[in-house]
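K.L.:
Supplied structure: target-v3.txt, compact mmCIF, C-alpha atoms.
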```txt
# COMPACT_ATOMS: atom_id res chain seq x y z
CA MET L 1 -53.05 -34.98 232.49
CA THR L 2 -50.53 -33.00 234.59
CA MET L 3 -50.72 -35.77 237.12
CA PHE L 4 -48.78 -38.26 235.02
CA LYS L 5 -45.84 -35.86 234.73
CA ASP L 6 -45.64 -35.63 238.53
CA LEU L 7 -45.83 -39.34 239.08
CA ASP L 8 -42.72 -41.48 239.22
CA PRO L 9 -42.70 -43.31 235.86
CA VAL L 10 -40.84 -46.26 237.38
CA LEU L 11 -43.75 -46.89 239.74
CA HIS L 12 -46.60 -45.81 237.49
CA SER L 13 -46.77 -49.15 235.72
CA GLN L 14 -49.14 -51.95 236.67
CA LEU L 15 -46.75 -54.77 237.34
CA ARG L 16 -44.00 -52.66 238.93
CA LEU L 17 -46.53 -50.98 241.20
CA ALA L 18 -48.02 -54.37 242.12
CA VAL L 19 -44.56 -55.71 243.02
CA MET L 20 -43.73 -52.64 245.10
CA SER L 21 -47.08 -52.86 246.93
CA LEU L 22 -46.35 -56.47 247.84
CA LEU L 23 -42.82 -55.62 248.95
CA ILE L 24 -44.04 -52.74 251.11
CA THR L 25 -45.87 -55.36 253.17
CA GLU L 26 -43.44 -58.25 252.83
CA LYS L 27 -40.07 -56.38 252.69
CA THR L 28 -38.51 -59.45 251.03
CA ALA L 29 -40.22 -61.90 248.70
CA SER L 30 -39.20 -64.72 246.41
CA PHE L 31 -39.63 -64.54 242.65
CA VAL L 32 -42.21 -67.36 242.83
CA PHE L 33 -44.22 -65.49 245.49
CA LEU L 34 -44.26 -62.29 243.40
CA LYS L 35 -45.16 -64.19 240.24
CA GLU L 36 -48.11 -65.99 241.86
CA LYS L 37 -49.47 -62.98 243.73
CA THR L 38 -49.27 -60.65 240.70
CA ARG L 39 -50.37 -63.42 238.30
CA SER L 40 -47.68 -62.34 235.87
CA THR L 41 -45.49 -64.33 233.52
CA ALA L 42 -41.90 -65.11 234.52
CA GLY L 43 -40.51 -63.19 231.53
CA ASN L 44 -42.47 -60.02 232.16
CA LEU L 45 -41.79 -60.13 235.89
CA SER L 46 -38.02 -60.52 235.32
CA VAL L 47 -37.96 -57.47 233.05
CA GLN L 48 -39.94 -55.33 235.51
CA LEU L 49 -37.83 -56.45 238.48
CA GLU L 50 -34.71 -55.45 236.54
CA LYS L 51 -36.19 -51.98 235.98
CA LEU L 52 -37.00 -51.60 239.68
CA ALA L 53 -33.48 -52.74 240.58
CA GLU L 54 -31.92 -50.28 238.09
CA ALA L 55 -33.85 -47.48 239.79
CA GLY L 56 -32.45 -48.66 243.12
CA TYR L 57 -35.92 -49.42 244.50
CA ILE L 58 -35.27 -53.09 245.12
CA ALA L 59 -32.24 -55.32 245.58
CA ILE L 60 -32.26 -58.66 243.80
CA GLU L 61 -30.41 -61.57 245.27
CA LYS L 62 -29.81 -64.82 243.44
CA SER L 63 -28.95 -67.88 245.46
CA PHE L 64 -29.70 -71.58 245.69
CA LYS L 65 -32.11 -73.45 247.88
CA GLY L 66 -30.68 -76.94 247.63
CA LYS L 67 -30.18 -77.35 243.90
CA LYS L 68 -32.99 -75.00 242.94
CA PRO L 69 -32.13 -71.39 242.03
CA LEU L 70 -33.83 -68.93 244.36
CA THR L 71 -34.29 -65.28 243.40
CA THR L 72 -35.44 -62.89 246.08
CA ALA L 73 -36.30 -59.21 245.86
CA THR L 74 -35.95 -56.87 248.83
CA ILE L 75 -37.30 -53.35 248.93
CA THR L 76 -34.63 -50.69 249.60
CA LYS L 77 -34.93 -47.48 251.64
CA THR L 78 -34.96 -45.54 248.35
CA GLY L 79 -37.79 -47.80 247.19
CA ILE L 80 -39.83 -47.22 250.35
CA ARG L 81 -39.36 -43.43 250.03
CA ALA L 82 -40.30 -43.49 246.33
CA PHE L 83 -43.41 -45.58 247.06
CA GLU L 84 -44.52 -43.25 249.86
CA GLU L 85 -43.96 -40.24 247.63
CA TYR L 86 -45.96 -41.89 244.83
CA VAL L 87 -48.91 -42.62 247.14
CA GLU L 88 -48.77 -39.08 248.53
CA ARG L 89 -48.94 -37.60 245.01
CA LEU L 90 -51.83 -39.87 244.09
CA ARG L 91 -53.67 -38.70 247.18
CA GLN L 92 -53.01 -35.04 246.39
CA TYR L 93 -54.25 -35.58 242.85
CA ILE L 94 -57.44 -37.30 244.03
CA ASP L 95 -58.04 -34.58 246.65
CA ARG L 96 -57.76 -31.88 243.99
CA GLN L 97 -60.43 -33.52 241.88
CA MET O 1 -51.26 -59.01 235.30
CA GLU O 2 -51.48 -57.73 231.76
CA HIS O 3 -48.49 -57.78 229.48
CA ILE O 4 -49.33 -54.52 227.82
CA GLU O 5 -48.91 -51.59 230.15
CA LYS O 6 -51.81 -49.24 229.92
CA GLN O 7 -51.85 -45.81 231.47
CA MET O 8 -53.48 -46.09 234.88
CA THR O 9 -55.70 -43.45 236.42
CA ALA O 10 -55.03 -42.32 240.00
CA GLN O 11 -58.01 -44.38 241.13
CA GLU O 12 -56.77 -47.50 239.38
CA SER O 13 -53.32 -47.06 240.93
CA LEU O 14 -54.78 -46.84 244.42
CA GLU O 15 -57.01 -49.84 243.78
CA LEU O 16 -54.04 -51.86 242.58
CA ILE O 17 -51.99 -50.95 245.67
CA THR O 18 -54.89 -51.88 247.95
CA ALA O 19 -55.52 -55.15 246.11
CA MET O 20 -51.85 -56.18 246.34
CA ILE O 21 -51.53 -55.33 250.02
CA ARG O 22 -54.69 -57.37 250.61
CA GLU O 23 -53.21 -60.19 248.53
CA ALA O 24 -50.14 -60.23 250.78
CA LYS O 25 -52.46 -60.64 253.74
CA THR O 26 -54.97 -63.16 252.38
CA GLY O 27 -53.01 -66.17 253.53
CA ILE O 28 -53.33 -64.89 257.06
CA ARG O 29 -57.01 -65.65 256.96
CA GLN O 30 -58.33 -69.22 256.89
CA LYS O 31 -56.53 -69.90 260.15
CA SER O 32 -59.64 -70.65 262.22
CA PHE O 33 -59.44 -74.29 261.15
CA TYR O 34 -56.32 -74.89 263.27
CA PHE O 35 -57.74 -73.16 266.34
CA LEU O 36 -60.99 -75.12 266.16
CA LEU O 37 -59.30 -78.47 265.48
CA TRP O 38 -56.74 -78.06 268.27
CA GLY O 39 -59.24 -76.41 270.59
CA TRP O 40 -61.57 -79.42 270.44
CA VAL O 41 -58.76 -81.98 270.51
CA VAL O 42 -57.15 -80.48 273.61
CA VAL O 43 -60.47 -79.87 275.41
CA LEU O 44 -61.41 -83.52 274.78
CA ALA O 45 -57.98 -84.70 275.96
CA TYR O 46 -58.32 -82.68 279.18
CA LEU O 47 -61.93 -83.69 279.89
CA GLY O 48 -61.28 -87.30 278.88
CA GLY O 49 -58.33 -87.34 281.25
CA TYR O 50 -60.53 -85.97 284.03
CA VAL O 51 -63.17 -88.66 283.43
CA LEU O 52 -60.56 -91.45 283.37
CA LEU O 53 -59.05 -90.10 286.57
CA SER O 54 -62.49 -89.96 288.22
CA VAL O 55 -63.22 -93.62 287.43
CA GLY O 56 -59.86 -94.62 288.88
CA TYR O 57 -57.99 -95.41 285.62
CA ASP O 58 -54.25 -95.21 286.33
CA LYS O 59 -53.15 -93.77 282.95
CA PRO O 60 -55.46 -90.78 282.34
CA TYR O 61 -52.78 -89.06 280.21
CA LEU O 62 -53.40 -91.60 277.42
CA THR O 63 -56.16 -89.32 276.13
CA TRP O 64 -53.34 -87.13 274.75
CA LEU O 65 -52.75 -89.73 272.05
CA ILE O 66 -55.62 -87.98 270.26
CA THR O 67 -53.10 -85.21 269.36
CA PHE O 68 -51.26 -87.51 266.91
CA PRO O 69 -54.10 -87.77 264.35
CA ALA O 70 -54.64 -84.00 264.85
CA MET O 71 -51.01 -83.38 263.88
CA ILE O 72 -51.44 -85.42 260.71
CA ILE O 73 -54.67 -83.59 259.83
CA SER O 74 -52.97 -80.20 260.43
CA PHE O 75 -50.06 -81.18 258.21
CA PHE O 76 -52.28 -82.27 255.30
CA TYR O 77 -54.58 -79.27 255.66
CA GLY O 78 -51.53 -76.93 255.68
CA SER O 79 -50.01 -78.43 252.55
CA ARG O 80 -53.38 -78.31 250.75
CA VAL O 81 -53.86 -74.63 251.63
CA GLN O 82 -50.31 -73.85 250.49
CA LYS O 83 -50.98 -75.50 247.14
CA LYS O 84 -54.19 -73.51 246.73
CA SER O 85 -53.14 -70.05 247.90
CA GLY O 86 -49.48 -70.03 246.89
CA PRO O 87 -46.34 -69.41 248.90
CA ALA O 88 -46.61 -68.27 252.50
CA THR O 89 -46.35 -64.58 253.31
CA ARG O 90 -43.79 -63.26 255.80
CA LEU O 91 -46.36 -62.96 258.59
CA GLU O 92 -47.71 -66.45 257.93
CA THR O 93 -44.17 -67.79 258.16
CA ILE O 94 -43.66 -66.02 261.50
CA MET O 95 -46.90 -67.52 262.78
CA MET O 96 -46.06 -71.01 261.59
CA TRP O 97 -42.61 -71.01 263.22
CA ALA O 98 -44.02 -69.63 266.46
CA TRP O 99 -46.21 -72.77 266.64
CA VAL O 100 -43.34 -75.07 265.66
CA ALA O 101 -41.22 -73.48 268.42
CA PHE O 102 -44.10 -74.06 270.83
CA VAL O 103 -44.30 -77.77 269.92
CA ILE O 104 -40.53 -78.13 270.43
CA THR O 105 -40.80 -76.39 273.81
CA ILE O 106 -43.60 -78.63 275.10
CA LEU O 107 -41.84 -81.78 273.87
CA ILE O 108 -38.82 -80.74 275.96
CA PHE O 109 -41.10 -80.14 278.96
CA ILE O 110 -42.69 -83.57 278.53
CA ALA O 111 -39.31 -85.29 278.14
CA PHE O 112 -38.03 -83.67 281.33
CA GLY O 113 -41.32 -83.83 283.23
CA ARG O 114 -39.68 -85.36 286.28
CA GLU O 115 -37.19 -82.49 286.55
CA VAL O 116 -40.00 -79.97 286.74
CA ASN O 117 -41.90 -82.02 289.29
CA TYR O 118 -44.55 -82.90 286.67
CA HIS O 119 -45.94 -79.37 286.65
CA LEU O 120 -46.60 -80.04 282.98
CA ASN O 121 -50.12 -78.59 282.82
CA ALA O 122 -48.96 -75.26 284.20
CA LEU O 123 -45.89 -75.10 281.96
CA ILE O 124 -47.72 -76.14 278.80
CA LEU O 125 -50.51 -73.61 279.41
CA ILE O 126 -47.94 -70.85 279.97
CA ALA O 127 -46.05 -71.91 276.83
CA SER O 128 -49.38 -71.92 274.89
CA ALA O 129 -49.77 -68.24 275.66
CA LEU O 130 -46.74 -67.31 273.56
CA PRO O 131 -47.74 -68.54 270.05
CA THR O 132 -51.36 -67.57 270.77
CA PHE O 133 -50.23 -64.06 271.67
CA ILE O 134 -48.02 -63.79 268.55
CA SER O 135 -50.88 -65.10 266.36
CA GLY O 136 -53.22 -62.53 267.91
CA ILE O 137 -50.76 -59.74 267.08
CA VAL O 138 -50.16 -61.01 263.52
CA LEU O 139 -53.89 -61.44 262.84
CA ARG O 140 -54.63 -58.17 264.68
CA PHE O 141 -57.27 -60.15 266.52
CA ARG O 142 -57.96 -59.06 270.08
CA PRO O 143 -59.93 -62.18 271.20
CA MET O 144 -56.80 -64.24 270.53
CA ILE O 145 -54.60 -61.82 272.50
CA LEU O 146 -57.07 -62.15 275.38
CA GLY O 147 -56.92 -65.93 274.88
CA ALA O 148 -53.17 -65.74 275.51
CA VAL O 149 -53.82 -63.80 278.72
CA VAL O 150 -56.22 -66.59 279.78
CA PHE O 151 -53.42 -69.14 279.22
CA TRP O 152 -51.01 -67.16 281.37
CA ILE O 153 -53.54 -66.90 284.20
CA ALA O 154 -54.59 -70.57 283.89
CA GLY O 155 -50.91 -71.58 283.98
CA ILE O 156 -50.36 -69.70 287.23
CA VAL O 157 -53.55 -71.21 288.71
CA CYS O 158 -52.38 -74.74 287.76
CA PHE O 159 -49.24 -74.28 289.86
CA LEU O 160 -51.50 -73.84 292.88
CA ILE O 161 -54.11 -76.62 292.51
CA THR O 162 -54.28 -80.42 292.47
CA TYR O 163 -53.92 -82.51 289.30
CA ASP O 164 -57.63 -83.29 288.81
CA TRP O 165 -58.52 -79.60 289.02
CA GLN O 166 -55.69 -78.74 286.64
CA LEU O 167 -57.41 -80.83 283.96
CA LEU O 168 -60.64 -78.85 284.34
CA VAL O 169 -58.83 -75.49 284.41
CA GLY O 170 -56.89 -76.58 281.30
CA ALA O 171 -60.13 -77.47 279.47
CA VAL O 172 -61.70 -74.11 280.33
CA ALA O 173 -58.51 -72.24 279.35
CA VAL O 174 -58.35 -73.97 275.95
CA ALA O 175 -62.06 -73.36 275.34
CA LEU O 176 -61.49 -69.65 276.02
CA GLY O 177 -58.03 -69.43 274.44
CA TYR O 178 -58.60 -71.41 271.21
CA LEU O 179 -62.27 -72.20 270.69
CA VAL O 180 -63.81 -68.77 271.37
CA PRO O 181 -61.26 -66.87 269.21
CA GLY O 182 -61.43 -69.72 266.66
CA TYR O 183 -65.19 -69.42 266.20
CA LEU O 184 -65.01 -65.60 266.12
CA LEU O 185 -62.26 -65.82 263.49
CA LYS O 186 -64.33 -68.26 261.47
CA ARG O 187 -67.27 -65.88 261.56
CA ASP O 188 -65.02 -63.05 260.30
CA GLU O 189 -63.56 -65.23 257.54
CA GLY O 190 -67.05 -65.85 256.22
CA LEU O 191 -67.60 -62.12 255.75
```
Is it possible to give me this structure as structure tokens?
P.N.:
Amino acid sequence: MTMFKDLDPVLHSQLRLAVMSLLITEKTASFVFLKEKTRSTAGNLSVQLEKLAEAGYIAIEKSFKGKKPLTTATITKTGIRAFEEYVERLRQYIDRQ
Amino acid sequence: MEHIEKQMTAQESLELITAMIREAKTGIRQKSFYFLLWGWVVVLAYLGGYVLLSVGYDKPYLTWLITFPAMIISFFYGSRVQKKSGPATRLETIMMWAWVAFVITILIFIAFGREVNYHLNALILIASALPTFISGIVLRFRPMILGAVVFWIAGIVCFLITYDWQLLVGAVAVALGYLVPGYLLKRDEGL
């Protein structure tokens, strides 16, 4: 169980990790894109995006596309570093087993 | 995605990361349809033009009208796929705009055909290389990158030969540049 202490708690959560994995590839994605690809509910996704933004891992931008509100999330440099670190620790843990 | 967060094992975390990265790339597949549709349409337009020219018809370029229904089919197919697989990924968007930019470019060439001495076959083949090359890079698909190289070479050749031969070179270039990569891509999509 020592592994879970080493792992970043912000990333070690299903939906937040799913969002970060998508953003690693996409860099920037709309709320609708993230919701459909993670098959999450809007409410849950909003909460988890807030948490990622609080940690400084993503930047959330709210704008309008025509009259429709458009929320986009962009991964930050801190987010990329944290994600790489997380994957590295996972790998170390699996290697030790 | 579940509402309740359960503690993930290292294995589950890695699987989730892999699944999501794959998810971001899924839209990139299912692209063979466009290459096969346009490959056949353009090959038929070229060969049809050659046949019409051979029998002495004075408007062999009319075979290009076949591209209009192909545009409509592409549009409806694209919107259906979008509905089914969700919003486009960043790479898909890049690919789509590369093809839109290509269409704009060739329309300008056609409009100003006289200014370029009607070297349209050469110019269009050379312009075709660009979106094909970008698609090959995005899809990480070497046959398509080679297809782009074929377009560049065929374009150069078309500057040097007569109109009737240009139609045959164009047909061969499109068969190699769209149809061969298209069928190989289709085979890979089925896997």
K.L.:
Considering all atoms listed in the file, state which residue in the set O:Thr63, O:Val41, O:Ile126, O:Ser135 is at the smallest distance from Trp97 (chain O).
P.N.:
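Looking at the shortest contact to Trp97 (chain O), the residue is O:Ser135.
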K.L.:
Select, as an MDAnalysis selection string, those residues of chain L with any atom no more than 9 Å from chain O (distances computed using all atoms listed in the file).
P.N.:
chainID L and resid 3:4 12:15 17:30 32:33 36:41 44 87 90:91 93:94
K.L.:
Work out how far apart CA of Leu34 (chain L) and CA of Val47 (chain L) are and give it in Å to one decimal.
P.N.:
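Spanning CA of Leu34 (chain L) to CA of Val47 (chain L) is a straight-line distance of 13.0 Å.
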K.L.:
Calculate how many Å separate CA of His119 (chain O) from CA of Tyr163 (chain O), rounding to one decimal.
P.N.:
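Separation between CA of His119 (chain O) and CA of Tyr163 (chain O): 9.0 Å.
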K.L.:
When you look at Val51 (chain O) with a cut-off of 12 Å (counting all atoms listed in the file), what residues show up, excluding the ones that are within fewer than 2 positions of it in the same chain? I need them as an mmCIF file with C-alpha atoms, in the frame of the given file.
P.N.:
```cif
data_model
loop_
_atom_site.group_PDB
_atom_site.id
_atom_site.type_symbol
_atom_site.label_atom_id
_atom_site.label_comp_id
_atom_site.auth_asym_id
_atom_site.auth_seq_id
_atom_site.Cartn_x
_atom_site.Cartn_y
_atom_site.Cartn_z
ATOM 1 C CA LEU O 44 -61.410 -83.520 274.780
ATOM 2 C CA ALA O 45 -57.980 -84.700 275.960
ATOM 3 C CA TYR O 46 -58.320 -82.680 279.180
ATOM 4 C CA LEU O 47 -61.930 -83.690 279.890
ATOM 5 C CA GLY O 48 -61.280 -87.300 278.880
ATOM 6 C CA GLY O 49 -58.330 -87.340 281.250
ATOM 7 C CA LEU O 53 -59.050 -90.100 286.570
ATOM 8 C CA SER O 54 -62.490 -89.960 288.220
ATOM 9 C CA VAL O 55 -63.220 -93.620 287.430
ATOM 10 C CA GLY O 56 -59.860 -94.620 288.880
ATOM 11 C CA TYR O 57 -57.990 -95.410 285.620
ATOM 12 C CA ASP O 58 -54.250 -95.210 286.330
ATOM 13 C CA LYS O 59 -53.150 -93.770 282.950
ATOM 14 C CA PRO O 60 -55.460 -90.780 282.340
ATOM 15 C CA TYR O 61 -52.780 -89.060 280.210
ATOM 16 C CA LEU O 62 -53.400 -91.600 277.420
ATOM 17 C CA THR O 63 -56.160 -89.320 276.130
ATOM 18 C CA ASP O 164 -57.630 -83.290 288.810
ATOM 19 C CA TRP O 165 -58.520 -79.600 289.020
ATOM 20 C CA LEU O 167 -57.410 -80.830 283.960
ATOM 21 C CA LEU O 168 -60.640 -78.850 284.340
#
```
K.L.:
Could you tell me how far CA of Leu160 (chain O) sits from CA of Pro131 (chain O), in Å to one decimal place?
P.N.:
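Atom-to-atom, CA of Pro131 (chain O) to CA of Leu160 (chain O), that is 23.7 Å.
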K.L.:
Find, counting only C-alpha atoms, the residue in O:Val116, O:Met144, O:Ile110, O:Ile94 that gets nearest to Leu185 (chain O).
P.N.:
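Closest candidate: O:Met144.
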K.L.:
Since the input has fewer atoms than a full residue there, write region 64-75 of chain O out with all heavy atoms, as a PDB file, in the coordinates of the input.
P.N.:
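What ended up in part-v2.pdb:
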```
ATOM      1  N   TRP O  64     -54.136 -88.043 275.584  1.00  0.00           N
ATOM      2  CA  TRP O  64     -53.340 -87.130 274.750  1.00  0.00           C
ATOM      3  C   TRP O  64     -52.904 -87.748 273.432  1.00  0.00           C
ATOM      4  O   TRP O  64     -52.431 -87.052 272.532  1.00  0.00           O
ATOM      5  CB  TRP O  64     -52.122 -86.610 275.533  1.00  0.00           C
ATOM      6  CG  TRP O  64     -52.586 -85.662 276.593  1.00  0.00           C
ATOM      7  CD1 TRP O  64     -52.804 -85.948 277.900  1.00  0.00           C
ATOM      8  CD2 TRP O  64     -52.967 -84.295 276.414  1.00  0.00           C
ATOM      9  NE1 TRP O  64     -53.288 -84.851 278.558  1.00  0.00           N
ATOM     10  CE2 TRP O  64     -53.389 -83.822 277.671  1.00  0.00           C
ATOM     11  CE3 TRP O  64     -52.988 -83.425 275.322  1.00  0.00           C
ATOM     12  CZ2 TRP O  64     -53.838 -82.518 277.862  1.00  0.00           C
ATOM     13  CZ3 TRP O  64     -53.426 -82.124 275.512  1.00  0.00           C
ATOM     14  CH2 TRP O  64     -53.849 -81.696 276.768  1.00  0.00           C
ATOM     15  N   LEU O  65     -53.086 -89.073 273.326  1.00  0.00           N
ATOM     16  CA  LEU O  65     -52.750 -89.730 272.050  1.00  0.00           C
ATOM     17  C   LEU O  65     -53.594 -89.173 270.899  1.00  0.00           C
ATOM     18  O   LEU O  65     -53.209 -89.268 269.741  1.00  0.00           O
ATOM     19  CB  LEU O  65     -52.960 -91.247 272.167  1.00  0.00           C
ATOM     20  CG  LEU O  65     -51.957 -91.969 273.085  1.00  0.00           C
ATOM     21  CD1 LEU O  65     -52.335 -93.439 273.232  1.00  0.00           C
ATOM     22  CD2 LEU O  65     -50.533 -91.836 272.540  1.00  0.00           C
ATOM     23  N   ILE O  66     -54.726 -88.579 271.264  1.00  0.00           N
ATOM     24  CA  ILE O  66     -55.620 -87.980 270.260  1.00  0.00           C
ATOM     25  C   ILE O  66     -54.898 -86.853 269.474  1.00  0.00           C
ATOM     26  O   ILE O  66     -55.294 -86.492 268.367  1.00  0.00           O
ATOM     27  CB  ILE O  66     -56.897 -87.446 270.966  1.00  0.00           C
ATOM     28  CG1 ILE O  66     -57.966 -87.064 269.955  1.00  0.00           C
ATOM     29  CG2 ILE O  66     -56.597 -86.284 271.850  1.00  0.00           C
ATOM     30  CD1 ILE O  66     -59.257 -86.575 270.614  1.00  0.00           C
ATOM     31  N   THR O  67     -53.806 -86.310 270.053  1.00  0.00           N
ATOM     32  CA  THR O  67     -53.100 -85.210 269.360  1.00  0.00           C
ATOM     33  C   THR O  67     -52.343 -85.710 268.130  1.00  0.00           C
ATOM     34  O   THR O  67     -52.060 -84.920 267.234  1.00  0.00           O
ATOM     35  CB  THR O  67     -52.111 -84.501 270.304  1.00  0.00           C
ATOM     36  OG1 THR O  67     -51.221 -85.471 270.849  1.00  0.00           O
ATOM     37  CG2 THR O  67     -52.820 -83.772 271.426  1.00  0.00           C
ATOM     38  N   PHE O  68     -52.014 -87.012 268.083  1.00  0.00           N
ATOM     39  CA  PHE O  68     -51.260 -87.510 266.910  1.00  0.00           C
ATOM     40  C   PHE O  68     -52.076 -87.422 265.619  1.00  0.00           C
ATOM     41  O   PHE O  68     -51.580 -86.866 264.638  1.00  0.00           O
ATOM     42  CB  PHE O  68     -50.726 -88.927 267.172  1.00  0.00           C
ATOM     43  CG  PHE O  68     -49.581 -88.915 268.143  1.00  0.00           C
ATOM     44  CD1 PHE O  68     -49.747 -89.362 269.446  1.00  0.00           C
ATOM     45  CD2 PHE O  68     -48.339 -88.421 267.764  1.00  0.00           C
ATOM     46  CE1 PHE O  68     -48.697 -89.322 270.349  1.00  0.00           C
ATOM     47  CE2 PHE O  68     -47.282 -88.384 268.660  1.00  0.00           C
ATOM     48  CZ  PHE O  68     -47.467 -88.828 269.957  1.00  0.00           C
ATOM     49  N   PRO O  69     -53.326 -87.965 265.594  1.00  0.00           N
ATOM     50  CA  PRO O  69     -54.100 -87.770 264.350  1.00  0.00           C
ATOM     51  C   PRO O  69     -54.312 -86.286 264.038  1.00  0.00           C
ATOM     52  O   PRO O  69     -54.316 -85.894 262.866  1.00  0.00           O
ATOM     53  CB  PRO O  69     -55.430 -88.487 264.610  1.00  0.00           C
ATOM     54  CG  PRO O  69     -55.432 -88.887 266.030  1.00  0.00           C
ATOM     55  CD  PRO O  69     -54.022 -88.847 266.535  1.00  0.00           C
ATOM     56  N   ALA O  70     -54.442 -85.446 265.096  1.00  0.00           N
ATOM     57  CA  ALA O  70     -54.640 -84.000 264.850  1.00  0.00           C
ATOM     58  C   ALA O  70     -53.425 -83.397 264.154  1.00  0.00           C
ATOM     59  O   ALA O  70     -53.560 -82.528 263.290  1.00  0.00           O
ATOM     60  CB  ALA O  70     -54.925 -83.285 266.172  1.00  0.00           C
ATOM     61  N   MET O  71     -52.226 -83.884 264.532  1.00  0.00           N
ATOM     62  CA  MET O  71     -51.010 -83.380 263.880  1.00  0.00           C
ATOM     63  C   MET O  71     -51.010 -83.733 262.404  1.00  0.00           C
ATOM     64  O   MET O  71     -50.657 -82.922 261.559  1.00  0.00           O
ATOM     65  CB  MET O  71     -49.766 -84.003 264.542  1.00  0.00           C
ATOM     66  CG  MET O  71     -49.336 -83.294 265.801  1.00  0.00           C
ATOM     67  SD  MET O  71     -47.827 -84.057 266.422  1.00  0.00           S
ATOM     68  CE  MET O  71     -48.069 -83.819 268.164  1.00  0.00           C
ATOM     69  N   ILE O  72     -51.415 -84.970 262.115  1.00  0.00           N
ATOM     70  CA  ILE O  72     -51.440 -85.420 260.710  1.00  0.00           C
ATOM     71  C   ILE O  72     -52.453 -84.600 259.923  1.00  0.00           C
ATOM     72  O   ILE O  72     -52.161 -84.127 258.818  1.00  0.00           O
ATOM     73  CB  ILE O  72     -51.763 -86.940 260.641  1.00  0.00           C
ATOM     74  CG1 ILE O  72     -50.615 -87.723 261.305  1.00  0.00           C
ATOM     75  CG2 ILE O  72     -51.959 -87.408 259.206  1.00  0.00           C
ATOM     76  CD1 ILE O  72     -50.925 -89.178 261.598  1.00  0.00           C
ATOM     77  N   ILE O  73     -53.632 -84.385 260.518  1.00  0.00           N
ATOM     78  CA  ILE O  73     -54.670 -83.590 259.830  1.00  0.00           C
ATOM     79  C   ILE O  73     -54.145 -82.169 259.578  1.00  0.00           C
ATOM     80  O   ILE O  73     -54.289 -81.636 258.476  1.00  0.00           O
ATOM     81  CB  ILE O  73     -55.974 -83.553 260.672  1.00  0.00           C
ATOM     82  CG1 ILE O  73     -56.591 -84.955 260.740  1.00  0.00           C
ATOM     83  CG2 ILE O  73     -56.979 -82.555 260.096  1.00  0.00           C
ATOM     84  CD1 ILE O  73     -57.730 -85.095 261.744  1.00  0.00           C
ATOM     85  N   SER O  74     -53.504 -81.559 260.584  1.00  0.00           N
ATOM     86  CA  SER O  74     -52.970 -80.200 260.430  1.00  0.00           C
ATOM     87  C   SER O  74     -51.966 -80.135 259.292  1.00  0.00           C
ATOM     88  O   SER O  74     -51.970 -79.202 258.494  1.00  0.00           O
ATOM     89  CB  SER O  74     -52.234 -79.747 261.698  1.00  0.00           C
ATOM     90  OG  SER O  74     -53.132 -79.580 262.730  1.00  0.00           O
ATOM     91  N   PHE O  75     -51.104 -81.157 259.237  1.00  0.00           N
ATOM     92  CA  PHE O  75     -50.060 -81.180 258.210  1.00  0.00           C
ATOM     93  C   PHE O  75     -50.683 -81.229 256.811  1.00  0.00           C
ATOM     94  O   PHE O  75     -50.315 -80.451 255.926  1.00  0.00           O
ATOM     95  CB  PHE O  75     -49.140 -82.385 258.446  1.00  0.00           C
ATOM     96  CG  PHE O  75     -48.096 -82.533 257.388  1.00  0.00           C
ATOM     97  CD1 PHE O  75     -46.967 -81.721 257.397  1.00  0.00           C
ATOM     98  CD2 PHE O  75     -48.245 -83.471 256.366  1.00  0.00           C
ATOM     99  CE1 PHE O  75     -46.003 -81.843 256.408  1.00  0.00           C
ATOM    100  CE2 PHE O  75     -47.286 -83.592 255.370  1.00  0.00           C
ATOM    101  CZ  PHE O  75     -46.157 -82.778 255.391  1.00  0.00           C
TER     102      PHE O  75
END
```
